[in-house]
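File shown: query_31.cif. Contents: mmCIF, C-alpha atoms.
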data_protein
loop_
_atom_site.group_PDB
_atom_site.id
_atom_site.type_symbol
_atom_site.label_atom_id
_atom_site.label_comp_id
_atom_site.auth_asym_id
_atom_site.auth_seq_id
_atom_site.Cartn_x
_atom_site.Cartn_y
_atom_site.Cartn_z
ATOM 1 C CA MET A 1 8.081 1.459 -6.027
ATOM 2 C CA SER A 2 7.363 -2.257 -6.050
ATOM 3 C CA ASP A 3 3.922 -3.722 -6.764
ATOM 4 C CA LEU A 4 0.970 -2.160 -4.972
ATOM 5 C CA ASP A 5 -1.718 -3.845 -2.914
ATOM 6 C CA VAL A 6 -4.280 -1.073 -3.365
ATOM 7 C CA ILE A 7 -4.775 2.105 -5.386
ATOM 8 C CA THR A 8 -7.130 4.834 -4.211
ATOM 9 C CA ILE A 9 -8.161 8.172 -5.718
ATOM 10 C CA GLY A 10 -9.557 11.221 -3.962
ATOM 11 C CA GLU A 11 -9.256 14.614 -2.345
ATOM 12 C CA SER A 12 -7.409 15.313 0.871
ATOM 13 C CA MET A 13 -7.854 18.545 2.786
ATOM 14 C CA VAL A 14 -5.940 20.408 5.452
ATOM 15 C CA VAL A 15 -7.860 20.281 8.729
ATOM 16 C CA PHE A 16 -7.908 22.950 11.390
ATOM 17 C CA ASN A 17 -9.035 21.149 14.524
ATOM 18 C CA PRO A 18 -9.784 23.257 17.633
ATOM 19 C CA ILE A 19 -7.965 22.213 20.761
ATOM 20 C CA GLN A 20 -10.962 23.052 22.961
ATOM 21 C CA ASN A 21 -14.456 21.593 22.653
ATOM 22 C CA ILE A 22 -16.155 24.956 22.298
ATOM 23 C CA SER A 23 -17.802 27.023 19.572
ATOM 24 C CA LEU A 24 -15.569 28.355 16.801
ATOM 25 C CA VAL A 25 -16.638 31.807 17.940
ATOM 26 C CA ASP A 26 -14.430 31.326 20.988
ATOM 27 C CA SER A 27 -11.795 28.922 19.592
ATOM 28 C CA HIS A 28 -8.344 30.423 19.074
ATOM 29 C CA LEU A 29 -5.947 27.469 19.034
ATOM 30 C CA PHE A 30 -6.057 24.737 16.381
ATOM 31 C CA LEU A 31 -4.184 21.595 15.398
ATOM 32 C CA LYS A 32 -3.180 21.345 11.742
ATOM 33 C CA GLN A 33 -4.016 17.876 10.401
ATOM 34 C CA ILE A 34 -5.204 16.239 7.181
ATOM 35 C CA ALA A 35 -8.477 14.582 6.265
ATOM 36 C CA GLY A 36 -10.058 12.904 3.285
ATOM 37 C CA ALA A 37 -11.732 9.507 3.136
ATOM 38 C CA GLU A 38 -9.318 8.030 0.599
ATOM 39 C CA SER A 39 -6.148 9.404 2.202
ATOM 40 C CA ASN A 40 -7.399 8.316 5.639
ATOM 41 C CA PHE A 41 -7.922 4.835 4.243
ATOM 42 C CA ALA A 42 -4.517 4.847 2.522
ATOM 43 C CA ILE A 43 -2.674 5.797 5.705
ATOM 44 C CA GLY A 44 -4.619 3.281 7.785
ATOM 45 C CA LEU A 45 -3.815 0.478 5.364
ATOM 46 C CA SER A 46 -0.169 1.492 5.042
ATOM 47 C CA ARG A 47 0.258 1.411 8.821
ATOM 48 C CA LEU A 48 -0.924 -2.195 8.699
ATOM 49 C CA ASN A 49 2.054 -2.973 6.422
ATOM 50 C CA HIS A 50 0.354 -2.834 3.033
ATOM 51 C CA LYS A 51 1.529 -1.011 -0.089
ATOM 52 C CA VAL A 52 -0.896 1.716 -1.080
ATOM 53 C CA GLY A 53 -0.889 4.280 -3.876
ATOM 54 C CA TRP A 54 -2.901 7.518 -3.580
ATOM 55 C CA ILE A 55 -3.814 9.546 -6.677
ATOM 56 C CA SER A 56 -4.897 13.183 -6.382
ATOM 57 C CA ARG A 57 -4.171 16.848 -7.115
ATOM 58 C CA LEU A 58 -2.816 19.330 -4.567
ATOM 59 C CA SER A 59 -1.912 23.002 -4.572
ATOM 60 C CA ASN A 60 1.707 23.732 -5.413
ATOM 61 C CA ASN A 61 2.336 25.494 -2.109
ATOM 62 C CA SER A 62 2.878 24.799 1.584
ATOM 63 C CA LEU A 63 -0.587 23.351 2.225
ATOM 64 C CA GLY A 64 -0.252 20.946 -0.687
ATOM 65 C CA TYR A 65 3.239 19.939 0.405
ATOM 66 C CA PHE A 66 1.962 19.345 3.942
ATOM 67 C CA VAL A 67 -0.674 16.885 2.720
ATOM 68 C CA ASN A 68 1.755 15.141 0.391
ATOM 69 C CA ASN A 69 4.485 14.867 3.040
ATOM 70 C CA THR A 70 2.017 13.481 5.599
ATOM 71 C CA LEU A 71 0.984 10.704 3.237
ATOM 72 C CA ARG A 72 4.551 9.941 2.179
ATOM 73 C CA GLY A 73 5.656 9.953 5.805
ATOM 74 C CA ASN A 74 3.080 7.243 6.446
ATOM 75 C CA GLY A 75 4.459 5.071 3.658
ATOM 76 C CA VAL A 76 1.873 5.890 0.974
ATOM 77 C CA ASP A 77 3.059 6.185 -2.630
ATOM 78 C CA THR A 78 2.165 9.626 -4.042
ATOM 79 C CA SER A 79 4.069 9.376 -7.324
ATOM 80 C CA CYS A 80 0.858 9.999 -9.291
ATOM 81 C CA VAL A 81 -0.101 13.172 -7.401
ATOM 82 C CA GLU A 82 -0.253 16.312 -9.563
ATOM 83 C CA PHE A 83 0.525 19.790 -8.199
ATOM 84 C CA ASP A 84 -1.670 22.710 -9.263
ATOM 85 C CA ASN A 85 -0.205 26.215 -9.592
ATOM 86 C CA ILE A 86 -3.587 27.951 -9.564
ATOM 87 C CA ASN A 87 -6.203 26.135 -7.488
ATOM 88 C CA PRO A 88 -6.012 25.579 -3.709
ATOM 89 C CA THR A 89 -5.907 22.534 -1.504
ATOM 90 C CA GLY A 90 -9.258 22.191 0.241
ATOM 91 C CA ILE A 91 -9.694 23.155 3.872
ATOM 92 C CA LEU A 92 -11.881 21.564 6.547
ATOM 93 C CA ILE A 93 -12.552 23.200 9.902
ATOM 94 C CA LYS A 94 -13.932 21.085 12.725
ATOM 95 C CA GLU A 95 -16.189 22.365 15.460
ATOM 96 C CA ARG A 96 -16.985 20.366 18.579
ATOM 97 C CA ALA A 97 -19.477 22.016 20.887
ATOM 98 C CA TYR A 98 -22.522 20.939 22.886
ATOM 99 C CA ASN A 99 -21.656 17.247 22.455
ATOM 100 C CA LYS A 100 -21.812 17.522 18.666
ATOM 101 C CA THR A 101 -19.095 17.483 16.000
ATOM 102 C CA GLN A 102 -19.640 19.641 12.932
ATOM 103 C CA VAL A 103 -17.408 20.067 9.906
ATOM 104 C CA HIS A 104 -17.143 23.163 7.733
ATOM 105 C CA TYR A 105 -15.841 22.528 4.194
ATOM 106 C CA TYR A 106 -13.978 25.008 2.013
ATOM 107 C CA ARG A 107 -13.286 22.880 -1.038
ATOM 108 C CA HIS A 108 -15.084 24.580 -3.937
ATOM 109 C CA SER A 109 -12.825 24.711 -7.030
ATOM 110 C CA SER A 110 -10.060 22.921 -5.149
ATOM 111 C CA ALA A 111 -7.084 21.466 -6.986
ATOM 112 C CA ALA A 112 -8.516 17.956 -6.547
ATOM 113 C CA SER A 113 -11.794 18.931 -8.213
ATOM 114 C CA PHE A 114 -9.828 19.499 -11.427
ATOM 115 C CA MET A 115 -8.615 15.912 -11.631
ATOM 116 C CA ASN A 116 -9.234 14.320 -15.015
ATOM 117 C CA LYS A 117 -8.651 10.891 -16.465
ATOM 118 C CA SER A 118 -5.208 11.831 -17.797
ATOM 119 C CA ILE A 119 -3.941 11.435 -14.227
ATOM 120 C CA LEU A 120 -4.510 7.656 -14.547
ATOM 121 C CA THR A 121 -2.152 5.262 -16.314
ATOM 122 C CA ASN A 122 -2.621 1.653 -17.234
ATOM 123 C CA GLU A 123 0.934 0.899 -16.074
ATOM 124 C CA TYR A 124 0.138 2.058 -12.532
ATOM 125 C CA PHE A 125 -3.071 0.015 -12.367
ATOM 126 C CA SER A 126 -1.320 -3.066 -13.744
ATOM 127 C CA ARG A 127 0.807 -3.160 -10.577
ATOM 128 C CA ALA A 128 -2.081 -3.347 -8.112
ATOM 129 C CA LYS A 129 -4.555 -5.906 -6.730
ATOM 130 C CA TYR A 130 -7.443 -3.705 -5.555
ATOM 131 C CA LEU A 131 -8.986 -0.319 -6.331
ATOM 132 C CA PHE A 132 -10.621 1.518 -3.422
ATOM 133 C CA ILE A 133 -12.974 4.374 -4.299
ATOM 134 C CA THR A 134 -15.607 6.438 -2.516
ATOM 135 C CA GLY A 135 -18.713 8.292 -3.580
ATOM 136 C CA ILE A 136 -17.083 11.605 -2.684
ATOM 137 C CA THR A 137 -14.705 11.928 -5.625
ATOM 138 C CA PRO A 138 -17.226 11.429 -8.473
ATOM 139 C CA VAL A 139 -19.413 14.290 -7.203
ATOM 140 C CA LEU A 140 -16.615 16.833 -6.766
ATOM 141 C CA SER A 141 -16.910 17.754 -10.445
ATOM 142 C CA GLU A 142 -17.816 16.287 -13.816
ATOM 143 C CA SER A 143 -14.133 15.680 -14.595
ATOM 144 C CA CYS A 144 -13.776 13.797 -11.304
ATOM 145 C CA HIS A 145 -16.810 11.670 -12.202
ATOM 146 C CA VAL A 146 -15.199 10.825 -15.555
ATOM 147 C CA THR A 147 -11.932 10.049 -13.746
ATOM 148 C CA ILE A 148 -13.578 7.549 -11.407
ATOM 149 C CA MET A 149 -15.407 5.818 -14.240
ATOM 150 C CA GLU A 150 -12.117 5.551 -16.135
ATOM 151 C CA ALA A 151 -10.453 4.134 -13.013
ATOM 152 C CA ILE A 152 -13.146 1.446 -12.864
ATOM 153 C CA LYS A 153 -12.473 0.579 -16.521
ATOM 154 C CA LEU A 154 -8.730 0.320 -15.879
ATOM 155 C CA ALA A 155 -9.345 -1.787 -12.782
ATOM 156 C CA LYS A 156 -11.485 -4.251 -14.691
ATOM 157 C CA LYS A 157 -9.003 -4.322 -17.578
ATOM 158 C CA ASN A 158 -6.221 -5.262 -15.141
ATOM 159 C CA ASN A 159 -8.338 -7.666 -13.030
ATOM 160 C CA LEU A 160 -8.333 -5.513 -9.900
ATOM 161 C CA LYS A 161 -11.115 -6.113 -7.384
ATOM 162 C CA ILE A 162 -13.086 -2.909 -6.744
ATOM 163 C CA ILE A 163 -14.079 -1.803 -3.247
ATOM 164 C CA PHE A 164 -16.592 1.052 -3.011
ATOM 165 C CA ASP A 165 -17.532 3.043 0.090
ATOM 166 C CA PRO A 166 -20.275 5.556 -0.838
ATOM 167 C CA ASN A 167 -19.321 8.048 1.894
ATOM 168 C CA ILE A 168 -22.426 10.142 1.215
ATOM 169 C CA ARG A 169 -21.828 13.903 1.493
ATOM 170 C CA HIS A 170 -25.138 15.709 0.950
ATOM 171 C CA LYS A 171 -23.412 19.098 0.975
ATOM 172 C CA LEU A 172 -21.606 18.167 -2.240
ATOM 173 C CA PHE A 173 -24.669 17.349 -4.333
ATOM 174 C CA GLU A 174 -28.102 19.006 -4.161
ATOM 175 C CA ASN A 175 -30.043 16.770 -6.575
ATOM 176 C CA SER A 176 -30.774 13.670 -4.477
ATOM 177 C CA GLU A 177 -32.182 11.575 -7.316
ATOM 178 C CA GLU A 178 -29.173 12.193 -9.550
ATOM 179 C CA TYR A 179 -26.835 11.595 -6.598
ATOM 180 C CA ILE A 180 -28.492 8.234 -5.883
ATOM 181 C CA ASN A 181 -28.204 7.220 -9.534
ATOM 182 C CA ILE A 182 -24.485 8.050 -9.640
ATOM 183 C CA ILE A 183 -23.731 6.063 -6.480
ATOM 184 C CA ASN A 184 -25.829 3.050 -7.433
ATOM 185 C CA GLU A 185 -24.356 2.946 -10.938
ATOM 186 C CA ILE A 186 -20.877 2.719 -9.444
ATOM 187 C CA ALA A 187 -22.073 0.188 -6.860
ATOM 188 C CA SER A 188 -23.340 -2.061 -9.645
ATOM 189 C CA LEU A 189 -19.797 -2.242 -11.054
ATOM 190 C CA THR A 190 -17.981 -3.119 -7.835
ATOM 191 C CA ASP A 191 -17.002 -6.299 -6.013
ATOM 192 C CA TYR A 192 -17.425 -4.985 -2.447
ATOM 193 C CA PHE A 193 -19.903 -2.264 -1.486
ATOM 194 C CA LEU A 194 -19.587 -0.741 2.012
ATOM 195 C CA PRO A 195 -22.445 1.666 2.845
ATOM 196 C CA GLY A 196 -23.498 2.658 6.329
ATOM 197 C CA ILE A 197 -27.060 1.729 7.199
ATOM 198 C CA GLU A 198 -28.359 5.314 6.893
ATOM 199 C CA GLU A 199 -26.589 5.660 3.535
ATOM 200 C CA ALA A 200 -28.170 2.432 2.322
ATOM 201 C CA ILE A 201 -31.626 3.620 3.371
ATOM 202 C CA PHE A 202 -31.059 6.833 1.403
ATOM 203 C CA LEU A 203 -29.817 4.921 -1.644
ATOM 204 C CA THR A 204 -32.478 2.202 -1.726
ATOM 205 C CA GLY A 205 -35.500 3.379 0.241
ATOM 206 C CA HIS A 206 -35.334 0.150 2.262
ATOM 207 C CA LYS A 207 -34.670 -0.031 6.003
ATOM 208 C CA GLN A 208 -34.031 -3.721 6.652
ATOM 209 C CA PRO A 209 -30.620 -5.240 5.809
ATOM 210 C CA ASP A 210 -32.167 -8.187 3.951
ATOM 211 C CA ASP A 211 -34.230 -5.858 1.747
ATOM 212 C CA ILE A 212 -31.177 -3.695 1.071
ATOM 213 C CA ALA A 213 -29.214 -6.818 0.163
ATOM 214 C CA ASN A 214 -31.937 -7.934 -2.262
ATOM 215 C CA PHE A 215 -31.932 -4.493 -3.890
ATOM 216 C CA TYR A 216 -28.204 -4.653 -4.625
ATOM 217 C CA ALA A 217 -28.288 -8.326 -5.614
ATOM 218 C CA LYS A 218 -30.554 -7.289 -8.483
ATOM 219 C CA LEU A 219 -27.941 -4.742 -9.604
ATOM 220 C CA ASN A 220 -24.997 -7.126 -9.286
ATOM 221 C CA LYS A 221 -25.479 -10.659 -7.997
ATOM 222 C CA LYS A 222 -21.697 -11.115 -7.624
ATOM 223 C CA MET A 223 -21.371 -8.123 -5.291
ATOM 224 C CA THR A 224 -20.551 -8.559 -1.610
ATOM 225 C CA LEU A 225 -22.640 -6.063 0.349
ATOM 226 C CA ILE A 226 -21.272 -4.925 3.710
ATOM 227 C CA LEU A 227 -23.569 -2.741 5.809
ATOM 228 C CA LYS A 228 -21.899 -0.749 8.579
ATOM 229 C CA LEU A 229 -24.178 -0.629 11.629
ATOM 230 C CA GLY A 230 -22.139 1.609 13.943
ATOM 231 C CA SER A 231 -21.808 0.278 17.483
ATOM 232 C CA LYS A 232 -23.885 -2.768 16.485
ATOM 233 C CA GLY A 233 -21.137 -3.963 14.124
ATOM 234 C CA CYS A 234 -21.987 -4.860 10.532
ATOM 235 C CA PHE A 235 -24.049 -7.102 8.268
ATOM 236 C CA TYR A 236 -22.783 -8.810 5.140
ATOM 237 C CA SER A 237 -24.522 -10.502 2.245
ATOM 238 C CA THR A 238 -23.089 -12.510 -0.632
ATOM 239 C CA PHE A 239 -24.630 -14.718 -3.297
ATOM 240 C CA ASN A 240 -24.339 -17.654 -0.881
ATOM 241 C CA GLU A 241 -24.775 -16.303 2.649
ATOM 242 C CA SER A 242 -25.534 -13.417 4.968
ATOM 243 C CA ALA A 243 -24.779 -12.754 8.643
ATOM 244 C CA TYR A 244 -24.256 -10.140 11.342
ATOM 245 C CA ILE A 245 -20.872 -9.433 12.934
ATOM 246 C CA ASP A 246 -21.004 -7.951 16.441
ATOM 247 C CA GLY A 247 -19.447 -4.559 17.126
ATOM 248 C CA ILE A 248 -16.800 -3.698 19.717
ATOM 249 C CA HIS A 249 -17.851 -1.844 22.867
ATOM 250 C CA VAL A 250 -16.015 1.420 23.548
ATOM 251 C CA ASP A 251 -16.327 3.183 26.903
ATOM 252 C CA LYS A 252 -15.748 6.689 25.523
ATOM 253 C CA ILE A 253 -15.962 8.069 21.994
ATOM 254 C CA VAL A 254 -13.582 10.989 21.522
ATOM 255 C CA ASP A 255 -13.939 11.673 17.776
ATOM 256 C CA PRO A 256 -16.267 9.572 15.587
ATOM 257 C CA ILE A 257 -15.121 11.075 12.270
ATOM 258 C CA GLY A 258 -12.976 8.625 10.319
ATOM 259 C CA ALA A 259 -14.504 5.468 11.790
ATOM 260 C CA GLY A 260 -15.804 4.320 8.407
ATOM 261 C CA ASP A 261 -12.394 4.825 6.801
ATOM 262 C CA ALA A 262 -10.797 2.791 9.594
ATOM 263 C CA PHE A 263 -13.395 0.053 9.112
ATOM 264 C CA ALA A 264 -12.571 -0.075 5.395
ATOM 265 C CA ALA A 265 -8.825 -0.213 6.044
ATOM 266 C CA GLY A 266 -9.253 -3.016 8.558
ATOM 267 C CA PHE A 267 -11.469 -4.976 6.188
ATOM 268 C CA VAL A 268 -9.161 -4.656 3.189
ATOM 269 C CA SER A 269 -6.143 -5.526 5.320
ATOM 270 C CA GLY A 270 -7.876 -8.718 6.355
ATOM 271 C CA ILE A 271 -8.596 -9.686 2.758
ATOM 272 C CA LEU A 272 -5.021 -8.931 1.715
ATOM 273 C CA ASN A 273 -3.737 -11.129 4.544
ATOM 274 C CA GLY A 274 -5.821 -14.081 3.374
ATOM 275 C CA LYS A 275 -8.517 -13.893 6.042
ATOM 276 C CA ASN A 276 -12.033 -14.950 5.136
ATOM 277 C CA LEU A 277 -14.908 -12.482 4.955
ATOM 278 C CA LYS A 278 -16.048 -12.946 8.568
ATOM 279 C CA GLN A 279 -12.517 -12.628 9.965
ATOM 280 C CA SER A 280 -11.841 -9.546 7.851
ATOM 281 C CA LEU A 281 -15.014 -7.874 9.123
ATOM 282 C CA GLU A 282 -14.192 -8.718 12.723
ATOM 283 C CA GLN A 283 -10.853 -6.993 12.161
ATOM 284 C CA ALA A 284 -12.645 -4.034 10.575
ATOM 285 C CA ASN A 285 -14.853 -3.630 13.648
ATOM 286 C CA ILE A 286 -11.839 -3.694 15.957
ATOM 287 C CA ILE A 287 -9.895 -1.044 14.043
ATOM 288 C CA GLY A 288 -13.015 1.091 13.713
ATOM 289 C CA SER A 289 -13.357 0.988 17.497
ATOM 290 C CA MET A 290 -9.727 2.073 17.937
ATOM 291 C CA ILE A 291 -9.814 5.245 15.857
ATOM 292 C CA ILE A 292 -12.848 6.767 17.574
ATOM 293 C CA GLN A 293 -11.010 6.767 20.901
ATOM 294 C CA LEU A 294 -8.488 9.383 19.730
ATOM 295 C CA ASN A 295 -8.772 12.878 18.276
ATOM 296 C CA GLY A 296 -8.151 13.294 14.550
ATOM 297 C CA ASP A 297 -8.970 11.492 11.311
ATOM 298 C CA ILE A 298 -5.694 9.549 11.008
ATOM 299 C CA GLU A 299 -4.076 9.876 14.410
ATOM 300 C CA GLY A 300 -5.938 6.876 15.810
ATOM 301 C CA PHE A 301 -4.922 4.485 13.039
ATOM 302 C CA PRO A 302 -2.844 1.724 14.625
ATOM 303 C CA PHE A 303 0.363 0.259 13.322
ATOM 304 C CA LYS A 304 0.229 -3.512 12.930
ATOM 305 C CA GLU A 305 1.922 -4.242 16.264
ATOM 306 C CA GLN A 306 -0.422 -1.866 18.121
ATOM 307 C CA PHE A 307 -3.430 -3.524 16.506
ATOM 308 C CA GLU A 308 -2.255 -7.001 17.535
ATOM 309 C CA ILE A 309 -1.841 -5.883 21.152
ATOM 310 C CA TYR A 310 -5.264 -4.207 21.203
ATOM 311 C CA LYS A 311 -6.920 -7.252 19.633
ATOM 312 C CA SER A 312 -5.251 -9.538 22.172
ATOM 313 C CA ASN A 313 -6.537 -7.374 25.026
ATOM 314 C CA ILE A 314 -10.077 -7.522 23.626
ATOM 315 C CA LEU A 315 -9.937 -11.313 23.317
ATOM 316 C CA ASN A 316 -8.562 -11.675 26.833
ATOM 317 C CA SER A 317 -11.263 -9.393 28.222
ATOM 318 C CA SER A 318 -13.927 -11.460 26.461
ATOM 319 C CA ASP A 319 -12.515 -14.636 27.990
ATOM 320 C CA GLU A 320 -12.597 -13.070 31.445
ATOM 321 C CA GLU A 321 -16.237 -12.071 30.969
ATOM 322 C CA VAL A 322 -17.103 -15.663 30.045
ATOM 323 C CA ILE A 323 -15.261 -17.000 33.093
ATOM 324 C CA ARG A 324 -17.096 -14.625 35.439
#
This structure in C-alpha cells:
Amino acid sequence: MSDLDVITIGESMVVFNPIQNISLVDSHLFLKQIAGAESNFAIGLSRLNHKVGWISRLSNNSLGYFVNNTLRGNGVDTSCVEFDNINPTGILIKERAYNKTQVHYYRHSSAASFMNKSILTNEYFSRAKYLFITGITPVLSESCHVTIMEAIKLAKKNNLKIIFDPNIRHKLFENSEEYINIINEIASLTDYFLPGIEEAIFLTGHKQPDDIANFYAKLNKKMTLILKLGSKGCFYSTFNESAYIDGIHVDKIVDPIGAGDAFAAGFVSGILNGKNLKQSLEQANIIGSMIIQLNGDIEGFPFKEQFEIYKSNILNSSDEEVIR
C-alpha cells in the first residue's frame, strides 16, 4: 500500500442491531453490522477518499473475518491486523425501546484486549501523517494501554500529528480518578483533543468551555481543543483564538450512535484537504448531522460525492432562508 494519511488503533465489534424498535425481550430479527470508534472513523475517512490504516486484533474465525472484510471493502488497510486463535471478537447488541438507545457489550477478554506494542512497527508509522486514537483502547487492558503509549512515541518520532478523541466509556473502567488521569495524560501529549462537553466536564470538573480550554492549555499550550456540543455545534480553542461553530439542524434523529466518530472523520478530512480549522469543523458538523439520520454506526457515512451534494443542499437552503 502507498503512503497513509492516517493510522488508527482500536477494537471493532460485531453488532447485532434489532430491526424493530422494541425491547430485546421481544426482538427476534437483527442486522449484523460492525462498530468500534476507531474502525467507524477509519471507514468514514476512507469514504472521503483518504488512505487509512487500522491496527487491531480479531478472532481467527467467521466473526473476525467479517469485521476485517468490512473494513477492507471500505478501502481501509488492515495489513497490521493480527488474528487470534483463542480469544473472541467482541460483540455489541443494541436495544432501542421507549425512545432510548442502549448498548450491551460483550467484549471482556476479547482478541483486541490482548494487543501489545509488538503489533506496531516504525516502518508503518513512517508512512503516515496523522495518528488517531481514542480513550477506549488504553482502558481495554494494561497491554492496550502500553500499546497506545508506544504508538504516541512512534508518532512523535516520525512527526505525525496526534488526534485524540476520549470517547469515555464508564463501563470499561470503574476507578474514575485513575480513568481521568489516564485520559488527561494522553491529552497532554496530543495536537488535537476532541472531547464532548459532558466528557470534558467529567475530565476537568469545569462546565464552561473557556474554563475547560484554560485547564487543557495548562497541560499543553500547543494543543488545539475541540469541544463537541451536540446539536449546538462545537467550540474550539487554540493558543491564539477561540470560537463557536454552529451545528446543523436535523429534522429527525434515527440513530445517534457514531455521531462523534463521523465528526472526527469530517474534521480530519478537512485538515488533510488543506482547509483551515474553522472550515474543517464546519465540515465535521455537516458529516456528523448526516450519520445520525440513518441506522447503523457506519452505514450513514457518506462517500465524497454524496457529502458534496448534501453540503450544497444545506448551503442552498440557508440562502433561501436568508432571502425569505
(request) One decimal, Å: what's the distance from CA of Asn159 (chain A) over to CA of Ser188 (chain A), could you say? (result)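 Atom-to-atom, CA of Asn159 (chain A) to CA of Ser188 (chain A), that is 16.4 Å.
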(message) Since I can't run it myself right now, could you work out what the PyMOL selection byres ((chain A and resi 151-156) around 9) selects here and report it as a list in words?
(response)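 This file, filtered by the PyMOL selection byres ((chain A and resi 151-156) around 9), leaves Ile9, Lys117, Leu120, Thr121, Asn122, Phe125, Ser126, Ala128, Lys129, Tyr130, Leu131, Val146, Thr147, Ile148, Met149, Glu150, Lys157, Asn158, Asn159, Leu160, Lys161, Ile162, Ile186, Leu189 and Thr190 of chain A.
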(message) Please list as a list in words every residue within 9 Å of Asn87 (chain A), counting all atoms listed in the file and excluding residues in the same chain fewer than 5 positions away.
(response) Leu58, Ser59, Asn60, Ser109, Ser110, Ala111, Ala112 and Phe114 of chain A
(request) With a distance cut-off of 12 Å and all atoms listed in the file, select the neighbouring residues of Gly36 (chain A), excluding the residue or stretch itself and same-chain residues fewer than 5 positions from it, and output the selection as number ranges by chain. (result) A: 8-15, 41-44, 54, 56, 67, 71, 89-92, 105, 107, 112, 133-137, 167, 169, 257-258, 260-262, 296-298
(request) Fewer than 3 positions away in the same chain doesn't count, so skip those; otherwise give me all residues within 12 Å of Glu177 (chain A), counting only C-alpha atoms, as a ChimeraX atom specification. (result) /A:170,173-174,180-184,202-205
(request) Mind giving me the straight-line distance from CA of Asn40 (chain A) to CA of Phe66 (chain A) in Å, one decimal? (result)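 CA of Phe66 (chain A) lies 14.6 Å from CA of Asn40 (chain A).
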(message) List as a list in words the residues having at least one atom at most 9 Å from position (-27.1, -3.7, 12.6) as given in the file, counting all atoms listed in the file.
(response)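 Here the neighbourhood of the point contains Ile197, Pro209, Leu227, Lys228, Leu229, Gly230, Ser231, Lys232, Gly233, Cys234, Phe235, Tyr244, Ile245, Asp246 and Gly247 of chain A.
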Given the file shown, enumerate the residues that the PyMOL selection byres ((chain A and resi 194) around 8) captures and present them as a compact mmCIF listing (two decimals) with C-alpha atoms, in the frame of the given file.
# COMPACT_ATOMS: atom_id res chain seq x y z
CA ILE A 163 -14.08 -1.80 -3.25
CA PHE A 164 -16.59 1.05 -3.01
CA ASP A 165 -17.53 3.04 0.09
CA PRO A 166 -20.27 5.56 -0.84
CA TYR A 192 -17.42 -4.99 -2.45
CA PHE A 193 -19.90 -2.26 -1.49
CA PRO A 195 -22.44 1.67 2.84
CA GLY A 196 -23.50 2.66 6.33
CA LEU A 225 -22.64 -6.06 0.35
CA ILE A 226 -21.27 -4.92 3.71
CA LEU A 227 -23.57 -2.74 5.81
CA LYS A 228 -21.90 -0.75 8.58
CA ALA A 264 -12.57 -0.08 5.40
Show me, as an mmCIF file with C-alpha atoms, in the frame of the given file, the residues that have an atom within 12 Å of Leu272 (chain A) when counting only C-alpha atoms, minus same-chain residues fewer than 3 positions from it.
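Listing of result.cif after writing:
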data_model
loop_
_atom_site.group_PDB
_atom_site.id
_atom_site.type_symbol
_atom_site.label_atom_id
_atom_site.label_comp_id
_atom_site.auth_asym_id
_atom_site.auth_seq_id
_atom_site.Cartn_x
_atom_site.Cartn_y
_atom_site.Cartn_z
ATOM 1 C CA LEU A 4 0.970 -2.160 -4.972
ATOM 2 C CA ASP A 5 -1.718 -3.845 -2.914
ATOM 3 C CA VAL A 6 -4.280 -1.073 -3.365
ATOM 4 C CA LEU A 45 -3.815 0.478 5.364
ATOM 5 C CA SER A 46 -0.169 1.492 5.042
ATOM 6 C CA LEU A 48 -0.924 -2.195 8.699
ATOM 7 C CA ASN A 49 2.054 -2.973 6.422
ATOM 8 C CA HIS A 50 0.354 -2.834 3.033
ATOM 9 C CA LYS A 51 1.529 -1.011 -0.089
ATOM 10 C CA VAL A 52 -0.896 1.716 -1.080
ATOM 11 C CA ALA A 128 -2.081 -3.347 -8.112
ATOM 12 C CA LYS A 129 -4.555 -5.906 -6.730
ATOM 13 C CA TYR A 130 -7.443 -3.705 -5.555
ATOM 14 C CA LYS A 161 -11.115 -6.113 -7.384
ATOM 15 C CA ALA A 265 -8.825 -0.213 6.044
ATOM 16 C CA GLY A 266 -9.253 -3.016 8.558
ATOM 17 C CA PHE A 267 -11.469 -4.976 6.188
ATOM 18 C CA VAL A 268 -9.161 -4.656 3.189
ATOM 19 C CA SER A 269 -6.143 -5.526 5.320
ATOM 20 C CA LYS A 275 -8.517 -13.893 6.042
ATOM 21 C CA ASN A 276 -12.033 -14.950 5.136
ATOM 22 C CA LEU A 277 -14.908 -12.482 4.955
ATOM 23 C CA GLN A 279 -12.517 -12.628 9.965
ATOM 24 C CA SER A 280 -11.841 -9.546 7.851
#
(request) Kindly indicate which residue among A:Arg72, A:His206, A:Lys221, A:Arg96 lies nearest to Ile22 (chain A), using all atoms listed in the file for the distances. (result)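 Closest to Ile22 (chain A) of all the choices is A:Arg96.
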(message) One number please: CA of Thr78 (chain A) to CA of Glu299 (chain A), in Å, one decimal.
(response)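 Computed distance, CA of Thr78 (chain A) to CA of Glu299 (chain A), equals 19.5 Å.
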Counting all atoms listed in the file, write as a CSV table (one decimal) with C-alpha atoms, keeping the file's coordinate frame all protein and nucleic acid residues lying at most 6 Å from (-15.1, -1.9, 14.4) in the file's frame.
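In the end it all went to part_31.csv:
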chain,number,residue,atom,x,y,z
A,247,GLY,CA,-19.4,-4.6,17.1
A,248,ILE,CA,-16.8,-3.7,19.7
A,263,PHE,CA,-13.4,0.1,9.1
A,284,ALA,CA,-12.6,-4.0,10.6
A,285,ASN,CA,-14.9,-3.6,13.6
A,286,ILE,CA,-11.8,-3.7,16.0
A,287,ILE,CA,-9.9,-1.0,14.0
A,288,GLY,CA,-13.0,1.1,13.7
A,289,SER,CA,-13.4,1.0,17.5
